[in-house]
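What follows is the content of upload-v8.cif, which has mmCIF, C-alpha atoms, pLDDT in the B column; chains and numbers go by the auth columns:
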data_start
loop_
_atom_site.group_PDB
_atom_site.id
_atom_site.type_symbol
_atom_site.label_atom_id
_atom_site.label_comp_id
_atom_site.label_asym_id
_atom_site.label_seq_id
_atom_site.Cartn_x
_atom_site.Cartn_y
_atom_site.Cartn_z
_atom_site.B_iso_or_equiv
_atom_site.auth_seq_id
_atom_site.auth_asym_id
ATOM 1 C CA MET A 1 -18.172 -38.811 122.375 70.00 762 E
ATOM 2 C CA LEU A 2 -20.780 -36.512 120.935 77.00 763 E
ATOM 3 C CA ASP A 3 -20.317 -33.648 123.394 77.00 764 E
ATOM 4 C CA ARG A 4 -18.387 -31.657 120.781 82.00 765 E
ATOM 5 C CA ILE A 5 -21.544 -31.413 118.657 83.00 766 E
ATOM 6 C CA LYS A 6 -23.767 -28.409 119.298 88.00 767 E
ATOM 7 C CA GLY A 7 -27.522 -28.827 119.593 89.00 768 E
ATOM 8 C CA LYS A 8 -29.546 -31.745 120.927 89.00 769 E
ATOM 9 C CA ALA A 9 -31.176 -32.508 117.582 91.00 770 E
ATOM 10 C CA LYS A 10 -27.795 -32.733 115.842 91.00 771 E
ATOM 11 C CA VAL A 11 -26.425 -34.964 118.646 89.00 772 E
ATOM 12 C CA ARG A 12 -29.422 -37.306 118.304 90.00 773 E
ATOM 13 C CA GLN A 13 -29.091 -37.435 114.520 91.00 774 E
ATOM 14 C CA THR A 14 -25.353 -38.156 114.699 90.00 775 E
ATOM 15 C CA GLY A 15 -25.961 -40.835 117.334 89.00 776 E
ATOM 16 C CA LYS A 16 -28.569 -42.522 115.147 92.00 777 E
ATOM 17 C CA GLU A 17 -26.165 -42.476 112.194 92.00 778 E
ATOM 18 C CA ILE A 18 -23.372 -44.048 114.274 90.00 779 E
ATOM 19 C CA ILE A 19 -25.726 -46.743 115.578 92.00 780 E
ATOM 20 C CA LYS A 20 -26.914 -47.516 112.036 94.00 781 E
ATOM 21 C CA ARG A 21 -23.351 -47.782 110.689 91.00 782 E
ATOM 22 C CA LEU A 22 -22.280 -50.062 113.560 90.00 783 E
ATOM 23 C CA THR A 23 -25.390 -52.217 113.202 91.00 784 E
ATOM 24 C CA ASP A 24 -24.806 -52.586 109.461 89.00 785 E
ATOM 25 C CA LYS A 25 -21.176 -53.570 110.076 86.00 786 E
ATOM 26 C CA LEU A 26 -22.177 -56.129 112.728 86.00 787 E
ATOM 27 C CA ILE A 27 -24.849 -57.625 110.473 87.00 788 E
ATOM 28 C CA SER A 28 -22.304 -57.984 107.679 84.00 789 E
ATOM 29 C CA GLY A 29 -19.998 -59.977 109.979 80.00 790 E
ATOM 30 C CA TRP A 30 -17.713 -57.330 111.478 79.00 791 E
ATOM 31 C CA ASN A 31 -16.331 -58.317 114.863 77.00 792 E
ATOM 32 C CA PRO A 32 -15.034 -55.403 116.968 75.00 793 E
ATOM 33 C CA TRP A 33 -12.996 -57.653 119.284 69.00 794 E
ATOM 34 C CA MET A 34 -11.054 -59.562 116.665 66.00 795 E
ATOM 35 C CA GLU A 35 -8.493 -58.151 114.306 58.00 796 E
ATOM 36 C CA ILE A 36 -8.875 -60.025 111.069 55.00 797 E
ATOM 37 C CA LYS A 37 -6.130 -59.789 108.472 57.00 798 E
ATOM 38 C CA CYS A 38 -8.354 -60.905 105.629 58.00 799 E
ATOM 39 C CA PRO A 39 -11.927 -59.518 105.626 56.00 800 E
ATOM 40 C CA LEU A 40 -13.325 -62.868 104.497 57.00 801 E
ATOM 41 C CA GLU A 41 -11.575 -64.784 107.289 65.00 802 E
ATOM 42 C CA TYR A 42 -13.705 -66.146 110.128 69.00 803 E
ATOM 43 C CA THR A 43 -12.816 -66.799 113.762 73.00 804 E
ATOM 44 C CA THR A 44 -14.234 -69.299 116.186 79.00 805 E
ATOM 45 C CA PHE A 45 -16.709 -68.252 118.840 83.00 806 E
ATOM 46 C CA THR A 46 -14.297 -69.413 121.556 86.00 807 E
ATOM 47 C CA ASP A 47 -11.509 -67.174 120.211 83.00 808 E
ATOM 48 C CA THR A 48 -13.873 -64.235 120.068 82.00 809 E
ATOM 49 C CA VAL A 49 -15.021 -64.780 123.661 87.00 810 E
ATOM 50 C CA GLU A 50 -11.402 -64.992 124.851 88.00 811 E
ATOM 51 C CA LYS A 51 -10.528 -61.747 123.068 87.00 812 E
ATOM 52 C CA TYR A 52 -13.591 -60.100 124.629 88.00 813 E
ATOM 53 C CA LYS A 53 -12.502 -61.278 128.101 90.00 814 E
ATOM 54 C CA GLU A 54 -9.053 -59.786 127.478 89.00 815 E
ATOM 55 C CA TYR A 55 -10.689 -56.539 126.365 88.00 816 E
ATOM 56 C CA LEU A 56 -12.808 -56.365 129.535 89.00 817 E
ATOM 57 C CA ALA A 57 -9.795 -57.138 131.729 90.00 818 E
ATOM 58 C CA LYS A 58 -7.903 -54.301 130.052 89.00 819 E
ATOM 59 C CA LEU A 59 -10.766 -51.879 130.700 87.00 820 E
ATOM 60 C CA TYR A 60 -10.910 -52.954 134.346 88.00 821 E
ATOM 61 C CA LYS A 61 -7.138 -52.660 134.763 89.00 822 E
ATOM 62 C CA GLU A 62 -7.184 -49.136 133.308 87.00 823 E
ATOM 63 C CA ASN A 63 -10.018 -48.155 135.698 84.00 824 E
ATOM 64 C CA ASP A 64 -12.456 -47.641 132.823 80.00 825 E
ATOM 65 C CA MET A 65 -14.807 -50.218 134.333 80.00 826 E
ATOM 66 C CA CYS A 66 -15.857 -50.809 137.919 83.00 827 E
ATOM 67 C CA GLU A 67 -15.208 -54.142 139.632 83.00 828 E
ATOM 68 C CA GLN A 68 -18.884 -55.144 139.836 85.00 829 E
ATOM 69 C CA THR A 69 -19.367 -54.602 136.109 83.00 830 E
ATOM 70 C CA PHE A 70 -16.207 -56.583 135.348 80.00 831 E
ATOM 71 C CA LYS A 71 -17.340 -59.491 137.524 83.00 832 E
ATOM 72 C CA SER A 72 -20.821 -59.619 136.072 82.00 833 E
#
In structure tokens, how does this file's structure come out?
Amino acid sequence: MLDRIKGKAKVRQTGKEIIKRLTDKLISGWNPWMEIKCPLEYTTFTDTVEKYKEYLAKLYKENDMCEQTFKS
């Protein structure tokens, strides 16, 4: 994802910024596997796990994940 950026220092800095933004979003309740219509709406843990399983199955089906990783 960062291969378009020139220079190792700039790649590291951009990576750190992305990690910080994602961490802040996760801490504030953002859930990357659930589409929530209302930002204050919550979903159950079971629904989230099911959506994550569907996401992994999709990655495996599209050959973006190897079988061993999918199984584990």
Residues within 10 Å of Met762 (chain E), please, as a compact mmCIF listing (two decimals) with C-alpha atoms, keeping the file's coordinate frame. Count all atoms listed in the file; anything in the same chain fewer than 4 positions from it doesn't count.
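See selection-v4.txt below for the written result:
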# COMPACT_ATOMS: atom_id res chain seq x y z
CA ILE E 766 -21.54 -31.41 118.66
CA VAL E 772 -26.42 -34.96 118.65
CA GLY E 776 -25.96 -40.84 117.33
Determine the residue set returned by the PyMOL selection byres ((chain E and resi 831) around 10) for the present structure, and present it as a VMD selection string.
-> chain E and resid 814 817 to 818 820 to 822 826 to 830 832 to 833
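Of the listed residues (E:Thr809, E:Tyr816, E:Leu763, E:Asp825), E:Leu763 comes nearest to Ile779 (chain E); the distances count all atoms listed in the file.
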At a cut-off of 12 Å from (-20.8, -60.2, 115.4) in the coordinates of the file, what residues are picked up using only C-alpha atoms, written as a PyMOL selection string?
-> chain E and resi 783-795+803-806+809-810+813
In Å and to one decimal, CA of Arg782 (chain E) is distant from CA of Asn824 (chain E) by 28.3 Å
CA of Lys819 (chain E) to CA of Lys777 (chain E), distance in Å rounded to a single decimal = 28.1 Å
Could region 798-831 of chain E be completed with N, CA and C atoms and written as a PDB file, in the frame of the given file, please?
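Saved result, part_39.pdb, follows:
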ATOM      1  N   LYS E 798      -7.023 -60.231 109.541  1.00 57.00           N
ATOM      2  CA  LYS E 798      -6.130 -59.789 108.472  1.00 57.00           C
ATOM      3  C   LYS E 798      -6.844 -59.779 107.130  1.00 57.00           C
ATOM      4  N   CYS E 799      -7.618 -60.778 106.886  1.00 58.00           N
ATOM      5  CA  CYS E 799      -8.354 -60.905 105.629  1.00 58.00           C
ATOM      6  C   CYS E 799      -9.836 -60.707 105.951  1.00 58.00           C
ATOM      7  N   PRO E 800     -10.522 -59.793 105.285  1.00 56.00           N
ATOM      8  CA  PRO E 800     -11.927 -59.518 105.626  1.00 56.00           C
ATOM      9  C   PRO E 800     -12.862 -60.709 105.458  1.00 56.00           C
ATOM     10  N   LEU E 801     -12.465 -61.708 104.678  1.00 57.00           N
ATOM     11  CA  LEU E 801     -13.325 -62.868 104.497  1.00 57.00           C
ATOM     12  C   LEU E 801     -12.975 -63.999 105.467  1.00 57.00           C
ATOM     13  N   GLU E 802     -11.997 -63.776 106.330  1.00 65.00           N
ATOM     14  CA  GLU E 802     -11.575 -64.784 107.289  1.00 65.00           C
ATOM     15  C   GLU E 802     -12.549 -64.813 108.469  1.00 65.00           C
ATOM     16  N   TYR E 803     -12.810 -66.001 108.995  1.00 69.00           N
ATOM     17  CA  TYR E 803     -13.705 -66.146 110.128  1.00 69.00           C
ATOM     18  C   TYR E 803     -12.922 -66.627 111.338  1.00 69.00           C
ATOM     19  N   THR E 804     -13.444 -66.335 112.526  1.00 73.00           N
ATOM     20  CA  THR E 804     -12.816 -66.799 113.762  1.00 73.00           C
ATOM     21  C   THR E 804     -13.837 -67.627 114.529  1.00 73.00           C
ATOM     22  N   THR E 805     -13.334 -68.466 115.402  1.00 79.00           N
ATOM     23  CA  THR E 805     -14.234 -69.299 116.186  1.00 79.00           C
ATOM     24  C   THR E 805     -14.880 -68.470 117.287  1.00 79.00           C
ATOM     25  N   PHE E 806     -16.016 -68.941 117.760  1.00 83.00           N
ATOM     26  CA  PHE E 806     -16.709 -68.252 118.840  1.00 83.00           C
ATOM     27  C   PHE E 806     -15.846 -68.234 120.097  1.00 83.00           C
ATOM     28  N   THR E 807     -15.157 -69.325 120.371  1.00 86.00           N
ATOM     29  CA  THR E 807     -14.297 -69.413 121.556  1.00 86.00           C
ATOM     30  C   THR E 807     -13.193 -68.363 121.500  1.00 86.00           C
ATOM     31  N   ASP E 808     -12.552 -68.188 120.352  1.00 83.00           N
ATOM     32  CA  ASP E 808     -11.509 -67.174 120.211  1.00 83.00           C
ATOM     33  C   ASP E 808     -12.066 -65.775 120.429  1.00 83.00           C
ATOM     34  N   THR E 809     -13.239 -65.542 119.908  1.00 82.00           N
ATOM     35  CA  THR E 809     -13.873 -64.235 120.068  1.00 82.00           C
ATOM     36  C   THR E 809     -14.185 -63.959 121.531  1.00 82.00           C
ATOM     37  N   VAL E 810     -14.705 -64.950 122.242  1.00 87.00           N
ATOM     38  CA  VAL E 810     -15.021 -64.780 123.661  1.00 87.00           C
ATOM     39  C   VAL E 810     -13.752 -64.510 124.456  1.00 87.00           C
ATOM     40  N   GLU E 811     -12.674 -65.209 124.150  1.00 88.00           N
ATOM     41  CA  GLU E 811     -11.402 -64.992 124.851  1.00 88.00           C
ATOM     42  C   GLU E 811     -10.877 -63.577 124.616  1.00 88.00           C
ATOM     43  N   LYS E 812     -10.961 -63.118 123.375  1.00 87.00           N
ATOM     44  CA  LYS E 812     -10.528 -61.747 123.068  1.00 87.00           C
ATOM     45  C   LYS E 812     -11.399 -60.732 123.804  1.00 87.00           C
ATOM     46  N   TYR E 813     -12.684 -61.002 123.914  1.00 88.00           N
ATOM     47  CA  TYR E 813     -13.591 -60.100 124.629  1.00 88.00           C
ATOM     48  C   TYR E 813     -13.241 -60.064 126.116  1.00 88.00           C
ATOM     49  N   LYS E 814     -12.919 -61.231 126.695  1.00 90.00           N
ATOM     50  CA  LYS E 814     -12.502 -61.278 128.101  1.00 90.00           C
ATOM     51  C   LYS E 814     -11.238 -60.458 128.318  1.00 90.00           C
ATOM     52  N   GLU E 815     -10.287 -60.572 127.392  1.00 89.00           N
ATOM     53  CA  GLU E 815      -9.053 -59.786 127.478  1.00 89.00           C
ATOM     54  C   GLU E 815      -9.363 -58.288 127.398  1.00 89.00           C
ATOM     55  N   TYR E 816     -10.286 -57.939 126.526  1.00 88.00           N
ATOM     56  CA  TYR E 816     -10.689 -56.539 126.365  1.00 88.00           C
ATOM     57  C   TYR E 816     -11.311 -55.998 127.659  1.00 88.00           C
ATOM     58  N   LEU E 817     -12.191 -56.787 128.278  1.00 89.00           N
ATOM     59  CA  LEU E 817     -12.808 -56.365 129.535  1.00 89.00           C
ATOM     60  C   LEU E 817     -11.774 -56.241 130.645  1.00 89.00           C
ATOM     61  N   ALA E 818     -10.848 -57.192 130.715  1.00 90.00           N
ATOM     62  CA  ALA E 818      -9.795 -57.138 131.729  1.00 90.00           C
ATOM     63  C   ALA E 818      -8.945 -55.874 131.559  1.00 90.00           C
ATOM     64  N   LYS E 819      -8.671 -55.521 130.323  1.00 89.00           N
ATOM     65  CA  LYS E 819      -7.903 -54.301 130.052  1.00 89.00           C
ATOM     66  C   LYS E 819      -8.666 -53.065 130.529  1.00 89.00           C
ATOM     67  N   LEU E 820      -9.954 -53.005 130.234  1.00 87.00           N
ATOM     68  CA  LEU E 820     -10.766 -51.879 130.700  1.00 87.00           C
ATOM     69  C   LEU E 820     -10.764 -51.789 132.215  1.00 87.00           C
ATOM     70  N   TYR E 821     -10.896 -52.929 132.882  1.00 88.00           N
ATOM     71  CA  TYR E 821     -10.910 -52.954 134.346  1.00 88.00           C
ATOM     72  C   TYR E 821      -9.554 -52.504 134.891  1.00 88.00           C
ATOM     73  N   LYS E 822      -8.490 -52.994 134.309  1.00 89.00           N
ATOM     74  CA  LYS E 822      -7.138 -52.660 134.763  1.00 89.00           C
ATOM     75  C   LYS E 822      -6.861 -51.168 134.615  1.00 89.00           C
ATOM     76  N   GLU E 823      -7.397 -50.563 133.564  1.00 87.00           N
ATOM     77  CA  GLU E 823      -7.184 -49.136 133.308  1.00 87.00           C
ATOM     78  C   GLU E 823      -8.210 -48.259 134.026  1.00 87.00           C
ATOM     79  N   ASN E 824      -9.000 -48.868 134.922  1.00 84.00           N
ATOM     80  CA  ASN E 824     -10.018 -48.155 135.698  1.00 84.00           C
ATOM     81  C   ASN E 824     -11.103 -47.520 134.835  1.00 84.00           C
ATOM     82  N   ASP E 825     -11.372 -48.108 133.678  1.00 80.00           N
ATOM     83  CA  ASP E 825     -12.456 -47.641 132.823  1.00 80.00           C
ATOM     84  C   ASP E 825     -13.739 -48.433 133.072  1.00 80.00           C
ATOM     85  N   MET E 826     -13.661 -49.372 134.018  1.00 80.00           N
ATOM     86  CA  MET E 826     -14.807 -50.218 134.333  1.00 80.00           C
ATOM     87  C   MET E 826     -14.732 -50.543 135.825  1.00 80.00           C
ATOM     88  N   CYS E 827     -15.870 -50.492 136.496  1.00 83.00           N
ATOM     89  CA  CYS E 827     -15.857 -50.809 137.919  1.00 83.00           C
ATOM     90  C   CYS E 827     -15.814 -52.339 138.127  1.00 83.00           C
ATOM     91  N   GLU E 828     -15.403 -52.728 139.327  1.00 83.00           N
ATOM     92  CA  GLU E 828     -15.208 -54.142 139.632  1.00 83.00           C
ATOM     93  C   GLU E 828     -16.484 -54.947 139.457  1.00 83.00           C
ATOM     94  N   GLN E 829     -17.606 -54.417 139.926  1.00 85.00           N
ATOM     95  CA  GLN E 829     -18.884 -55.144 139.836  1.00 85.00           C
ATOM     96  C   GLN E 829     -19.264 -55.407 138.376  1.00 85.00           C
ATOM     97  N   THR E 830     -19.060 -54.419 137.518  1.00 83.00           N
ATOM     98  CA  THR E 830     -19.367 -54.602 136.109  1.00 83.00           C
ATOM     99  C   THR E 830     -18.450 -55.649 135.503  1.00 83.00           C
ATOM    100  N   PHE E 831     -17.173 -55.615 135.865  1.00 80.00           N
ATOM    101  CA  PHE E 831     -16.207 -56.583 135.348  1.00 80.00           C
ATOM    102  C   PHE E 831     -16.597 -58.002 135.777  1.00 80.00           C
TER     103      PHE E 831
END
